[in-house]
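Containing PDB, C-alpha atoms: protein-v3.pdb.
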```pdb
MODEL        1
ATOM      1  CA  MET D 569      -8.481   5.736 -31.757
ATOM      2  CA  ILE D 570     -10.729   7.631 -29.356
ATOM      3  CA  GLY D 571     -10.407  11.406 -29.379
ATOM      4  CA  VAL D 572      -7.970  11.393 -32.248
ATOM      5  CA  GLY D 573      -9.808  14.291 -33.877
ATOM      6  CA  LYS D 574      -8.710  16.698 -31.165
ATOM      7  CA  MET D 575      -5.145  15.545 -30.764
ATOM      8  CA  LYS D 576      -2.641  16.773 -33.275
ATOM      9  CA  LEU D 577      -0.169  14.085 -34.147
ATOM     10  CA  TYR D 578       3.422  15.195 -33.996
ATOM     11  CA  SER D 579       5.960  13.291 -36.009
ATOM     12  CA  ASN D 580       8.799  14.722 -33.958
ATOM     13  CA  VAL D 581       8.671  14.158 -30.206
ATOM     14  CA  LEU D 582      10.358  17.502 -29.567
ATOM     15  CA  ASP D 583       7.497  19.383 -31.241
ATOM     16  CA  ARG D 584       4.957  17.904 -28.873
ATOM     17  CA  PRO D 585       3.776  20.377 -26.211
ATOM     18  CA  LEU D 586       4.609  19.632 -22.580
ATOM     19  CA  SER D 587       0.943  19.789 -21.671
ATOM     20  CA  LYS D 588      -0.356  18.196 -18.532
ATOM     21  CA  GLY D 589      -2.237  15.525 -20.463
ATOM     22  CA  LYS D 590      -4.114  12.958 -18.444
ATOM     23  CA  GLN D 591      -3.319  13.657 -14.832
ATOM     24  CA  GLU D 592      -3.813  10.312 -13.164
ATOM     25  CA  VAL D 593      -2.562   6.777 -13.491
ATOM     26  CA  SER D 594      -4.157   3.718 -11.919
ATOM     27  CA  LEU D 595      -3.186   3.344  -8.263
ATOM     28  CA  SER D 596      -3.236  -0.446  -8.596
ATOM     29  CA  ALA D 597      -0.873  -0.359 -11.554
ATOM     30  CA  PHE D 598       1.488   1.879  -9.613
ATOM     31  CA  ALA D 599       1.221  -0.250  -6.469
ATOM     32  CA  PHE D 600       2.131  -3.437  -8.364
ATOM     33  CA  LEU D 601       5.021  -1.747 -10.158
ATOM     34  CA  PHE D 602       6.358  -0.279  -6.916
ATOM     35  CA  SER D 603       5.950  -3.619  -5.168
ATOM     36  CA  GLU D 604       7.947  -5.334  -7.916
ATOM     37  CA  MET D 605      10.616  -2.656  -7.663
ATOM     38  CA  VAL D 606      10.998  -3.250  -3.932
ATOM     39  CA  GLN D 607      11.039  -7.027  -4.439
ATOM     40  CA  TYR D 608      13.669  -6.794  -7.174
ATOM     41  CA  ASN D 609      15.899  -4.541  -5.104
ATOM     42  CA  GLN D 610      15.485  -6.888  -2.159
ATOM     43  CA  THR D 611      17.092  -9.678  -4.157
ATOM     44  CA  GLN D 612      20.078  -7.442  -4.928
ATOM     45  CA  VAL D 613      21.068  -6.485  -1.384
ATOM     46  CA  ASP D 614      22.434  -8.055   1.802
ATOM     47  CA  ASN D 615      21.015  -5.664   4.368
ATOM     48  CA  ILE D 616      18.190  -3.218   4.941
ATOM     49  CA  ALA D 617      20.339  -0.069   4.818
ATOM     50  CA  GLU D 618      21.440  -1.076   1.347
ATOM     51  CA  LEU D 619      17.825  -1.619   0.257
ATOM     52  CA  GLU D 620      16.912   1.798   1.601
ATOM     53  CA  ARG D 621      19.784   3.350  -0.341
ATOM     54  CA  ARG D 622      18.750   1.665  -3.587
ATOM     55  CA  LEU D 623      15.149   2.862  -3.245
ATOM     56  CA  GLU D 624      16.432   6.348  -2.537
ATOM     57  CA  ASP D 625      18.606   6.272  -5.646
ATOM     58  CA  ALA D 626      15.617   5.227  -7.743
ATOM     59  CA  GLY D 627      13.694   8.179  -6.331
ATOM     60  CA  TYR D 628      16.586  10.569  -6.934
ATOM     61  CA  ALA D 629      16.326  10.010 -10.690
ATOM     62  CA  VAL D 630      12.597  10.733 -10.543
ATOM     63  CA  GLY D 631      13.188  13.911  -8.522
ATOM     64  CA  ALA D 632      15.744  15.287 -10.950
ATOM     65  CA  ARG D 633      13.314  14.854 -13.848
ATOM     66  CA  VAL D 634      10.302  16.153 -11.946
ATOM     67  CA  LEU D 635      12.184  19.357 -11.075
ATOM     68  CA  GLU D 636      13.088  19.950 -14.696
ATOM     69  CA  LEU D 637       9.547  19.321 -15.907
ATOM     70  CA  LEU D 638       7.774  21.379 -13.268
ATOM     71  CA  CYS D 639      10.100  24.365 -13.552
ATOM     72  CA  HIS D 640       9.224  24.458 -17.210
ATOM     73  CA  ARG D 641       5.519  23.693 -16.923
ATOM     74  CA  GLU D 642       4.471  25.514 -13.759
ATOM     75  CA  LYS D 643       7.073  28.208 -13.230
ATOM     76  CA  GLY D 644       7.832  29.537 -16.707
ATOM     77  CA  ASN D 645      11.391  28.204 -16.761
ATOM     78  CA  ARG D 646      12.298  29.672 -13.382
ATOM     79  CA  ARG D 647      13.308  27.803 -10.312
ATOM     80  CA  GLU D 648      13.216  28.701  -6.657
ATOM     81  CA  THR D 649      16.464  30.066  -5.249
ATOM     82  CA  ARG D 650      15.454  30.581  -1.627
ATOM     83  CA  LEU D 651      15.202  27.896   1.043
ATOM     84  CA  LEU D 652      11.584  28.432   1.994
ATOM     85  CA  GLY D 653      10.623  28.853  -1.647
ATOM     86  CA  ILE D 654      12.023  25.502  -2.693
ATOM     87  CA  LEU D 655      10.556  23.790   0.384
ATOM     88  CA  SER D 656       7.053  25.008  -0.337
ATOM     89  CA  PHE D 657       7.596  24.093  -4.014
ATOM     90  CA  VAL D 658       8.279  20.497  -2.903
ATOM     91  CA  HIS D 659       5.489  20.502  -0.328
ATOM     92  CA  SER D 660       2.800  21.795  -2.681
ATOM     93  CA  THR D 661       3.684  21.725  -6.396
ATOM     94  CA  VAL D 662       5.733  18.529  -6.507
ATOM     95  CA  TRP D 663       3.442  16.692  -4.079
ATOM     96  CA  LYS D 664       0.344  17.697  -6.008
ATOM     97  CA  VAL D 665       1.714  16.481  -9.330
ATOM     98  CA  LEU D 666       3.015  13.193  -7.925
ATOM     99  CA  PHE D 667       0.377  12.311  -5.336
ATOM    100  CA  GLY D 668      -2.640  14.420  -6.289
ATOM    101  CA  LYS D 669      -2.624  16.391  -3.041
ATOM    102  CA  VAL D 670      -0.550  18.823  -1.033
ATOM    103  CA  ALA D 671       1.560  17.193   1.712
ATOM    104  CA  ASP D 672      -0.105  17.152   5.145
ATOM    105  CA  SER D 673       2.445  19.388   6.823
ATOM    106  CA  LEU D 674       5.768  21.171   6.443
ATOM    107  CA  GLU D 675       7.556  22.017   9.665
ATOM    108  CA  LYS D 676      10.916  23.304  10.819
ATOM    109  CA  GLY D 677      12.868  21.002  13.093
ATOM    110  CA  THR D 678      12.847  22.152  16.697
ATOM    111  CA  GLU D 679      16.289  20.922  17.669
ATOM    112  CA  HIS D 680      18.375  21.860  14.655
ATOM    113  CA  GLU D 681      18.313  24.932  12.470
ATOM    114  CA  ASP D 682      19.082  22.997   9.291
ATOM    115  CA  GLU D 683      16.277  20.421   9.581
ATOM    116  CA  TYR D 684      12.849  20.521   8.009
ATOM    117  CA  MET D 685      10.134  17.902   7.992
ATOM    118  CA  ILE D 686       7.398  17.030   5.535
ATOM    119  CA  SER D 687       4.800  14.746   7.117
ATOM    120  CA  GLU D 688       2.129  12.574   5.575
ATOM    121  CA  LYS D 689      -0.553  10.713   7.461
ATOM    122  CA  GLU D 690      -0.563   8.037   4.813
ATOM    123  CA  LEU D 691       2.112   8.172   2.168
ATOM    124  CA  LEU D 692       0.809   6.975  -1.195
ATOM    125  CA  VAL D 693       3.635   4.478  -1.712
ATOM    126  CA  ASN D 694       2.947   2.948   1.719
ATOM    127  CA  ARG D 695      -0.808   2.606   1.177
ATOM    128  CA  PHE D 696      -0.740  -1.191   0.753
ATOM    129  CA  ILE D 697       2.562  -2.003   2.431
ATOM    130  CA  SER D 698       2.949  -3.666   5.820
ATOM    131  CA  ILE D 699       6.538  -3.813   7.015
ATOM    132  CA  PRO D 700       7.366  -7.185   8.614
ATOM    133  CA  LYS D 701       8.467  -6.955  12.258
ATOM    134  CA  ASP D 702      11.955  -8.282  11.548
ATOM    135  CA  MET D 703      12.727  -5.349   9.235
ATOM    136  CA  GLY D 704      12.609  -2.899  12.127
ATOM    137  CA  THR D 705      12.328   0.747  11.167
ATOM    138  CA  PHE D 706      12.608   0.258   7.420
ATOM    139  CA  ASN D 707      10.265   2.553   5.476
ATOM    140  CA  CYS D 708       9.476   2.303   1.753
ATOM    141  CA  GLY D 709       9.079   6.072   1.918
ATOM    142  CA  ALA D 710      12.835   6.016   1.229
ATOM    143  CA  PHE D 711      11.759   6.215  -2.417
ATOM    144  CA  VAL D 712       9.900   9.475  -1.745
ATOM    145  CA  ALA D 713      12.844  10.747   0.312
ATOM    146  CA  GLY D 714      14.954  10.089  -2.775
ATOM    147  CA  ILE D 715      12.562  12.108  -4.934
ATOM    148  CA  VAL D 716      12.805  15.034  -2.509
ATOM    149  CA  ARG D 717      16.606  14.767  -2.448
ATOM    150  CA  GLY D 718      16.632  14.677  -6.262
ATOM    151  CA  VAL D 719      14.572  17.860  -6.502
ATOM    152  CA  LEU D 720      16.567  19.716  -3.838
ATOM    153  CA  ASP D 721      19.983  18.621  -5.039
ATOM    154  CA  ASN D 722      19.329  19.608  -8.650
ATOM    155  CA  ALA D 723      17.889  22.949  -7.577
ATOM    156  CA  GLY D 724      21.152  23.710  -5.775
ATOM    157  CA  PHE D 725      20.135  22.743  -2.255
ATOM    158  CA  PRO D 726      22.171  19.639  -1.404
ATOM    159  CA  ALA D 727      20.621  17.841   1.553
ATOM    160  CA  VAL D 728      20.397  14.494   3.294
ATOM    161  CA  VAL D 729      16.818  13.247   3.161
ATOM    162  CA  THR D 730      15.457  10.288   5.114
ATOM    163  CA  ALA D 731      12.035   8.752   5.711
ATOM    164  CA  HIS D 732      10.844   7.728   9.171
ATOM    165  CA  PHE D 733       7.755   6.278  10.786
ATOM    166  CA  VAL D 734       6.479   8.476  13.607
ATOM    167  CA  PRO D 735       3.792   7.052  15.902
ATOM    168  CA  VAL D 736       0.729   9.271  16.331
ATOM    169  CA  GLU D 737      -1.219   9.262  19.560
ATOM    170  CA  GLY D 738      -4.654   7.727  19.265
ATOM    171  CA  GLN D 739      -3.892   6.322  15.813
ATOM    172  CA  GLN D 740      -3.282   2.712  14.941
ATOM    173  CA  ARG D 741      -0.901   3.547  12.122
ATOM    174  CA  PRO D 742       2.199   5.741  12.363
ATOM    175  CA  ARG D 743       2.629   8.629   9.974
ATOM    176  CA  THR D 744       5.624   9.026   7.697
ATOM    177  CA  THR D 745       7.949  11.970   8.128
ATOM    178  CA  ILE D 746      10.432  12.975   5.442
ATOM    179  CA  LEU D 747      13.351  14.554   7.295
ATOM    180  CA  ILE D 748      15.429  17.049   5.305
ATOM    181  CA  LYS D 749      18.838  18.054   6.628
ATOM    182  CA  PHE D 750      20.430  20.730   4.470
ATOM    183  CA  ALA D 751      24.141  20.958   3.813
ATOM    184  CA  GLU D 752      26.083  23.678   5.638
ATOM    185  CA  GLU D 753      26.769  25.673   2.464
ATOM    186  CA  VAL D 754      23.035  26.052   1.799
ATOM    187  CA  LEU D 755      22.455  27.694   5.159
ATOM    188  CA  ARG D 756      25.497  29.913   4.786
ATOM    189  CA  ARG D 757      24.264  31.115   1.396
ATOM    190  CA  GLU D 758      20.792  31.633   2.777
ATOM    191  CA  ALA D 759      22.199  33.791   5.608
ATOM    192  CA  ARG D 760      24.169  35.852   3.109
ATOM    193  CA  LEU D 761      21.047  36.484   1.022
ATOM    194  CA  GLY D 762      19.384  37.747   4.166
TER     195      GLY D 762
ATOM    196  CA  MET R1386     -30.222 -12.926  20.493
ATOM    197  CA  ALA R1387     -27.052 -12.654  22.529
ATOM    198  CA  ALA R1388     -24.347 -10.254  21.424
ATOM    199  CA  ALA R1389     -22.383 -13.235  20.148
ATOM    200  CA  ALA R1390     -20.618 -12.839  16.842
ATOM    201  CA  ALA R1391     -22.598 -13.774  13.754
ATOM    202  CA  VAL R1392     -19.347 -14.701  12.032
ATOM    203  CA  TYR R1393     -17.627 -17.527  13.876
ATOM    204  CA  SER R1394     -14.413 -17.798  11.924
ATOM    205  CA  LEU R1395     -12.686 -17.022   8.653
ATOM    206  CA  TYR R1396     -10.296 -19.183   6.623
ATOM    207  CA  ILE R1397      -8.233 -18.462   3.535
ATOM    208  CA  ILE R1398      -6.642 -21.411   1.750
ATOM    209  CA  ASN R1399      -4.195 -21.303  -1.135
ATOM    210  CA  LYS R1400      -4.632 -23.211  -4.374
ATOM    211  CA  SER R1401      -2.912 -26.316  -3.076
ATOM    212  CA  GLY R1402      -5.086 -26.540   0.015
ATOM    213  CA  GLY R1403      -2.732 -25.029   2.593
ATOM    214  CA  LEU R1404      -4.187 -22.736   5.216
ATOM    215  CA  ILE R1405      -2.680 -19.287   4.814
ATOM    216  CA  PHE R1406      -4.966 -17.315   7.093
ATOM    217  CA  TYR R1407      -7.208 -18.217  10.000
ATOM    218  CA  LYS R1408      -9.106 -15.900  12.270
ATOM    219  CA  ASP R1409     -11.441 -16.836  15.075
ATOM    220  CA  TYR R1410     -14.216 -14.455  16.083
ATOM    221  CA  GLY R1411     -15.140 -15.968  19.401
ATOM    222  CA  SER R1412     -17.041 -19.086  18.396
ATOM    223  CA  ALA R1413     -17.971 -21.767  20.908
ATOM    224  CA  GLY R1414     -15.824 -24.480  19.348
ATOM    225  CA  ARG R1415     -12.410 -22.854  19.382
ATOM    226  CA  MET R1416      -9.853 -24.801  17.427
ATOM    227  CA  ASP R1417      -6.129 -25.162  17.817
ATOM    228  CA  THR R1418      -3.726 -24.670  14.925
ATOM    229  CA  ASN R1419      -3.633 -28.339  13.956
ATOM    230  CA  ASP R1420      -7.413 -28.597  13.818
ATOM    231  CA  SER R1421      -7.761 -25.512  11.671
ATOM    232  CA  LEU R1422      -5.088 -26.765   9.251
ATOM    233  CA  ARG R1423      -6.847 -30.110   9.027
ATOM    234  CA  LEU R1424     -10.227 -28.508   8.451
ATOM    235  CA  ALA R1425      -8.812 -26.283   5.725
ATOM    236  CA  SER R1426      -7.299 -29.121   3.718
ATOM    237  CA  LEU R1427     -10.408 -31.234   4.288
ATOM    238  CA  TRP R1428     -12.558 -28.457   2.880
ATOM    239  CA  HIS R1429     -10.195 -28.105  -0.050
ATOM    240  CA  SER R1430     -10.653 -31.784  -0.927
ATOM    241  CA  MET R1431     -14.412 -31.739  -0.412
ATOM    242  CA  HIS R1432     -14.660 -28.707  -2.629
ATOM    243  CA  ALA R1433     -12.672 -30.444  -5.359
ATOM    244  CA  ILE R1434     -14.758 -33.636  -5.081
ATOM    245  CA  SER R1435     -17.991 -31.652  -5.238
ATOM    246  CA  GLN R1436     -16.881 -30.204  -8.553
ATOM    247  CA  GLN R1437     -16.375 -33.732  -9.934
ATOM    248  CA  LEU R1438     -19.609 -35.143  -8.533
ATOM    249  CA  SER R1439     -21.864 -32.307  -9.682
ATOM    250  CA  PRO R1440     -24.409 -33.316 -12.320
ATOM    251  CA  VAL R1441     -24.201 -29.803 -13.731
ATOM    252  CA  PRO R1442     -21.329 -29.228 -16.158
ATOM    253  CA  SER R1443     -18.676 -26.622 -15.263
ATOM    254  CA  CYS R1444     -19.633 -26.526 -11.586
ATOM    255  CA  SER R1445     -17.411 -24.286  -9.483
ATOM    256  CA  GLY R1446     -17.771 -26.248  -6.248
ATOM    257  CA  ILE R1447     -19.704 -25.862  -2.991
ATOM    258  CA  GLU R1448     -20.744 -22.297  -2.232
ATOM    259  CA  LEU R1449     -22.885 -22.888   0.832
ATOM    260  CA  LEU R1450     -22.960 -25.687   3.346
ATOM    261  CA  GLN R1451     -25.861 -25.571   5.792
ATOM    262  CA  ALA R1452     -25.766 -27.494   9.051
ATOM    263  CA  ASP R1453     -27.928 -27.401  12.185
ATOM    264  CA  THR R1454     -25.494 -25.283  14.124
ATOM    265  CA  PHE R1455     -23.647 -23.306  11.461
ATOM    266  CA  ASP R1456     -23.547 -22.145   7.837
ATOM    267  CA  LEU R1457     -20.352 -22.293   5.794
ATOM    268  CA  HIS R1458     -20.077 -19.859   2.893
ATOM    269  CA  CYS R1459     -17.243 -20.320   0.416
ATOM    270  CA  PHE R1460     -15.879 -18.087  -2.307
ATOM    271  CA  GLN R1461     -13.246 -19.213  -4.761
ATOM    272  CA  SER R1462     -11.242 -16.647  -6.685
ATOM    273  CA  LEU R1463     -10.179 -17.166 -10.316
ATOM    274  CA  THR R1464      -6.694 -18.156  -9.211
ATOM    275  CA  GLY R1465      -7.968 -20.921  -6.929
ATOM    276  CA  THR R1466      -7.568 -19.180  -3.587
ATOM    277  CA  LYS R1467     -10.560 -20.034  -1.414
ATOM    278  CA  PHE R1468     -12.122 -17.817   1.228
ATOM    279  CA  PHE R1469     -14.668 -19.258   3.603
ATOM    280  CA  VAL R1470     -16.532 -18.117   6.668
ATOM    281  CA  VAL R1471     -18.273 -20.219   9.262
ATOM    282  CA  CYS R1472     -21.239 -18.304  10.658
ATOM    283  CA  GLU R1473     -24.489 -18.529  12.578
ATOM    284  CA  PRO R1474     -27.246 -20.374  10.649
ATOM    285  CA  GLY R1475     -29.236 -18.026   8.426
ATOM    286  CA  THR R1476     -26.744 -15.147   8.499
ATOM    287  CA  GLN R1477     -27.286 -12.832   5.534
ATOM    288  CA  HIS R1478     -24.912 -10.909   3.254
ATOM    289  CA  MET R1479     -22.054 -13.392   3.577
ATOM    290  CA  GLU R1480     -21.360 -13.371  -0.193
ATOM    291  CA  GLY R1481     -20.874  -9.622   0.038
ATOM    292  CA  LEU R1482     -18.542  -9.965   3.012
ATOM    293  CA  LEU R1483     -16.478 -12.630   1.231
ATOM    294  CA  LYS R1484     -16.162 -10.476  -1.891
ATOM    295  CA  HIS R1485     -15.052  -7.597   0.316
ATOM    296  CA  ILE R1486     -12.479  -9.772   2.068
ATOM    297  CA  TYR R1487     -11.199 -10.856  -1.349
ATOM    298  CA  GLU R1488     -10.819  -7.189  -2.252
ATOM    299  CA  LEU R1489      -8.843  -6.551   0.937
ATOM    300  CA  TYR R1490      -6.671  -9.563   0.123
ATOM    301  CA  THR R1491      -5.844  -8.247  -3.353
ATOM    302  CA  ASP R1492      -5.068  -4.793  -1.947
ATOM    303  CA  PHE R1493      -3.183  -5.351   1.271
ATOM    304  CA  VAL R1494      -1.664  -8.771   0.699
ATOM    305  CA  LEU R1495      -0.934  -9.047  -3.019
ATOM    306  CA  LYS R1496       0.317  -5.457  -3.380
ATOM    307  CA  ASN R1497       2.626  -5.846  -0.390
ATOM    308  CA  PRO R1498       6.205  -6.427  -1.579
ATOM    309  CA  PHE R1499       7.031  -8.377   1.591
ATOM    310  CA  TYR R1500       4.362 -11.039   1.078
ATOM    311  CA  GLU R1501       5.461 -14.315  -0.461
ATOM    312  CA  MET R1502       2.826 -15.947  -2.646
ATOM    313  CA  GLU R1503       1.060 -19.007  -1.202
ATOM    314  CA  MET R1504       2.620 -18.405   2.210
ATOM    315  CA  PRO R1505       0.796 -17.588   5.461
ATOM    316  CA  ILE R1506      -0.486 -14.010   5.530
ATOM    317  CA  ARG R1507       1.159 -11.736   8.053
ATOM    318  CA  CYS R1508       0.250  -8.209   6.994
ATOM    319  CA  GLU R1509      -0.671  -5.619   9.595
ATOM    320  CA  LEU R1510      -2.775  -3.541   7.191
ATOM    321  CA  PHE R1511      -4.777  -6.596   6.145
ATOM    322  CA  ASP R1512      -5.547  -7.411   9.789
ATOM    323  CA  ILE R1513      -6.626  -3.843  10.543
ATOM    324  CA  ASN R1514      -8.904  -3.542   7.520
ATOM    325  CA  LEU R1515     -10.321  -7.022   8.009
ATOM    326  CA  ALA R1516     -11.231  -6.248  11.609
ATOM    327  CA  GLN R1517     -13.038  -3.128  10.401
ATOM    328  CA  ALA R1518     -14.930  -5.047   7.705
ATOM    329  CA  VAL R1519     -16.132  -7.749  10.056
ATOM    330  CA  GLN R1520     -17.009  -5.116  12.642
ATOM    331  CA  LYS R1521     -19.051  -3.146  10.111
ATOM    332  CA  ASP R1522     -20.810  -6.327   9.128
ATOM    333  CA  ARG R1523     -21.600  -7.041  12.748
ATOM    334  CA  VAL R1524     -22.993  -3.544  13.217
ATOM    335  CA  ALA R1525     -25.194  -3.969  10.145
ATOM    336  CA  LEU R1526     -26.514  -7.198  11.595
ATOM    337  CA  LEU R1527     -27.273  -5.739  15.007
ATOM    338  CA  GLY R1528     -28.960  -2.746  13.405
ATOM    339  CA  ARG R1529     -31.528  -4.891  11.638
TER     340      ARG R1529
ENDMDL
END
```

What would you get if you wrote out this structure as structure tokens?
Amino acid sequence: MIGVGKMKLYSNVLDRPLSKGKQEVSLSAFAFLFSEMVQYNQTQVDNIAELERRLEDAGYAVGARVLELLCHREKGNRRETRLLGILSFVHSTVWKVLFGKVADSLEKGTEHEDEYMISEKELLVNRFISIPKDMGTFNCGAFVAGIVRGVLDNAGFPAVVTAHFVPVEGQQRPRTTILIKFAEEVLRREARLG
Amino acid sequence: MAAAAAVYSLYIINKSGGLIFYKDYGSAGRMDTNDSLRLASLWHSMHAISQQLSPVPSCSGIELLQADTFDLHCFQSLTGTKFFVVCEPGTQHMEGLLKHIYELYTDFVLKNPFYEMEMPIRCELFDINLAQAVQKDRVALLGR
């Protein structure tokens, strides 16, 4: 085995350190796995809304685990308790670990107080995906929306998270916006904390 | 030389000889859908026959067909999908272009969950990237 001299072998999985290890996986391998996941879920549903929901659920499980791991690894077993704190945690820390880069932008919704948006020019999961015309506004970013919902929900910020295509002027391809709408209780708590 | 396209047209045929992608780049002899389908399956058969007729063992089939008015370069992938371009006689770097198109096919067609294997290719991202590749190739040619 290559590099076995440096690695200590742990007989018990719980003794193994939660080190970062190798940071990257093959994009092709991920793309094929994700593609299969979408295809499998497509055979299990009758309509597009249902498919979107299933992808989101798959992402939710990832989000819950990612939150746990990153709080331990990056934050010394602390988690964010404030709204802006958790949002920038998702926008930078989570994004960097999952996609190798910080998200393109994090904005507050202009129309509603409880809405925030994370935008990506080209979402990693959508890199190779062309949505057929008959599927309308369906976006495979629903999986990423699920991840975000998983992180937020488990950190105590229940929210409704959805993924949308937003056309950009002068660009052939639309960007993907992850829309986060927080539950009322979150905003009330936030106001109380001042 | 007029600004006419060096690449006349591009075909992709699946392993059973069906045309799954056809793109015309402004050649003189424009073909309708039926003609292009016929040409694709004809090429598929000719390619297969050439493998049988070759005096060299383990021949992979015709790679280049040269005619007075056009060249036809063909690339066959390991799975039997064939890519071929019809271009101006003497056009260079066509093997490179075909390899690049194959790469685009594996990326934007095969990794797309909404593409059904062996069926006609309708992927927006493939079209966009293909247009760029052929454009770049054209620029390289004009810059010579």

Run the ChimeraX specification (/R :<9) & /D mentally over the shown coordinates, then write out the matched residues as a count of residues only, using the chain letters and numbers from the document. 17

Selection dump of the PyMOL selection byres ((chain R and resi 1458) around 6), as a ChimeraX atom specification: /R:1448-1449,1457,1459,1469-1470

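Atom CA of R:Leu1424 is found 13.0 Å from atom CA of R:Phe1468.
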
For R:Leu1515, which of R:Leu1438, R:Lys1400, R:Tyr1407, R:His1429 is the closest residue, counting all atoms listed in the file?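 For R:Leu1515, the nearest of the candidates is R:Tyr1407.
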
Report the distance between atom CA of R:Ser1401 and atom CA of R:His1432 in Å, rounded to one decimal place. 12.0 Å

Once the PyMOL selection byres ((chain D and resi 665) around 10) is applied to the coordinates I shared, what remains selected? I want it as a ChimeraX atom specification. /D:588,591-592,634,638,660-664,666-670

Excluding D:Asp721 and any residue of its chain fewer than 2 positions from it, enumerate the residues within 12 Å of it, using all atoms listed in the file, and give them as a PyMOL selection string. chain D and resi 628-629+631-633+635-636+649+654+713-719+723-729+748-751+754

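The nearest approach to D:Phe711 among the residues D:Ile686, D:Val693, D:His732, D:Asp583, with only C-alpha atoms taken into account, belongs to D:Val693.
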
Let me make sure I understand: among D:Leu623, D:Met703, D:Ala671, D:Val630, which one has the smallest atom-to-atom distance to D:Thr730 if we use only C-alpha atoms?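 Of the candidates, the smallest distance to D:Thr730 is held by D:Leu623.
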
Neighbour list for D:Asp672 as a PyMOL selection string, cut-off 9 Å, all atoms listed in the file, skip fewer than 5 positions in-chain: chain D and resi 659+686-689

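The two atoms in question, atom CA of D:Glu679 and atom CA of D:Glu753, are spaced 19.1 Å apart.
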
Shortest interatomic distance to D:Asp682 - which of D:Glu642, D:Glu752, D:Thr705, D:Leu720, counting only C-alpha atoms: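 Of D:Glu642, D:Glu752, D:Thr705, D:Leu720, the one nearest D:Asp682, counting only C-alpha atoms, is D:Glu752.
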
R:Val1519, R:Gly1446, R:Val1392, R:Asn1419 ranked by distance to R:Gly1475, top pick (using all atoms listed in the file):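 Closest residue, counting all atoms listed in the file: R:Val1392.
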
For stretch 742-744 of chain D, work out the shell of residues within 10 Å, counting all atoms listed in the file and skipping chain neighbours fewer than 2 positions away, then give it as a ChimeraX atom specification. /D:685-691,694,707-709,731-740,746-747

Hey, which of D:Leu692, D:Leu595, D:Leu582, D:Leu655 ends up closest to D:Lys676? Count only C-alpha atoms.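 Using only C-alpha atoms, D:Lys676 sits closest to D:Leu655.
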
Extending 4 Å beyond the listed atoms of stretch 614-617 of chain D on each side, what axis-aligned box results? I want centre and edge lengths in Å to one decimal, as AutoDock Vina command-line options.
```
--center_x 20.3 --center_y -4.1 --center_z 3.4 --size_x 12.2 --size_y 16.0 --size_z 11.1
```
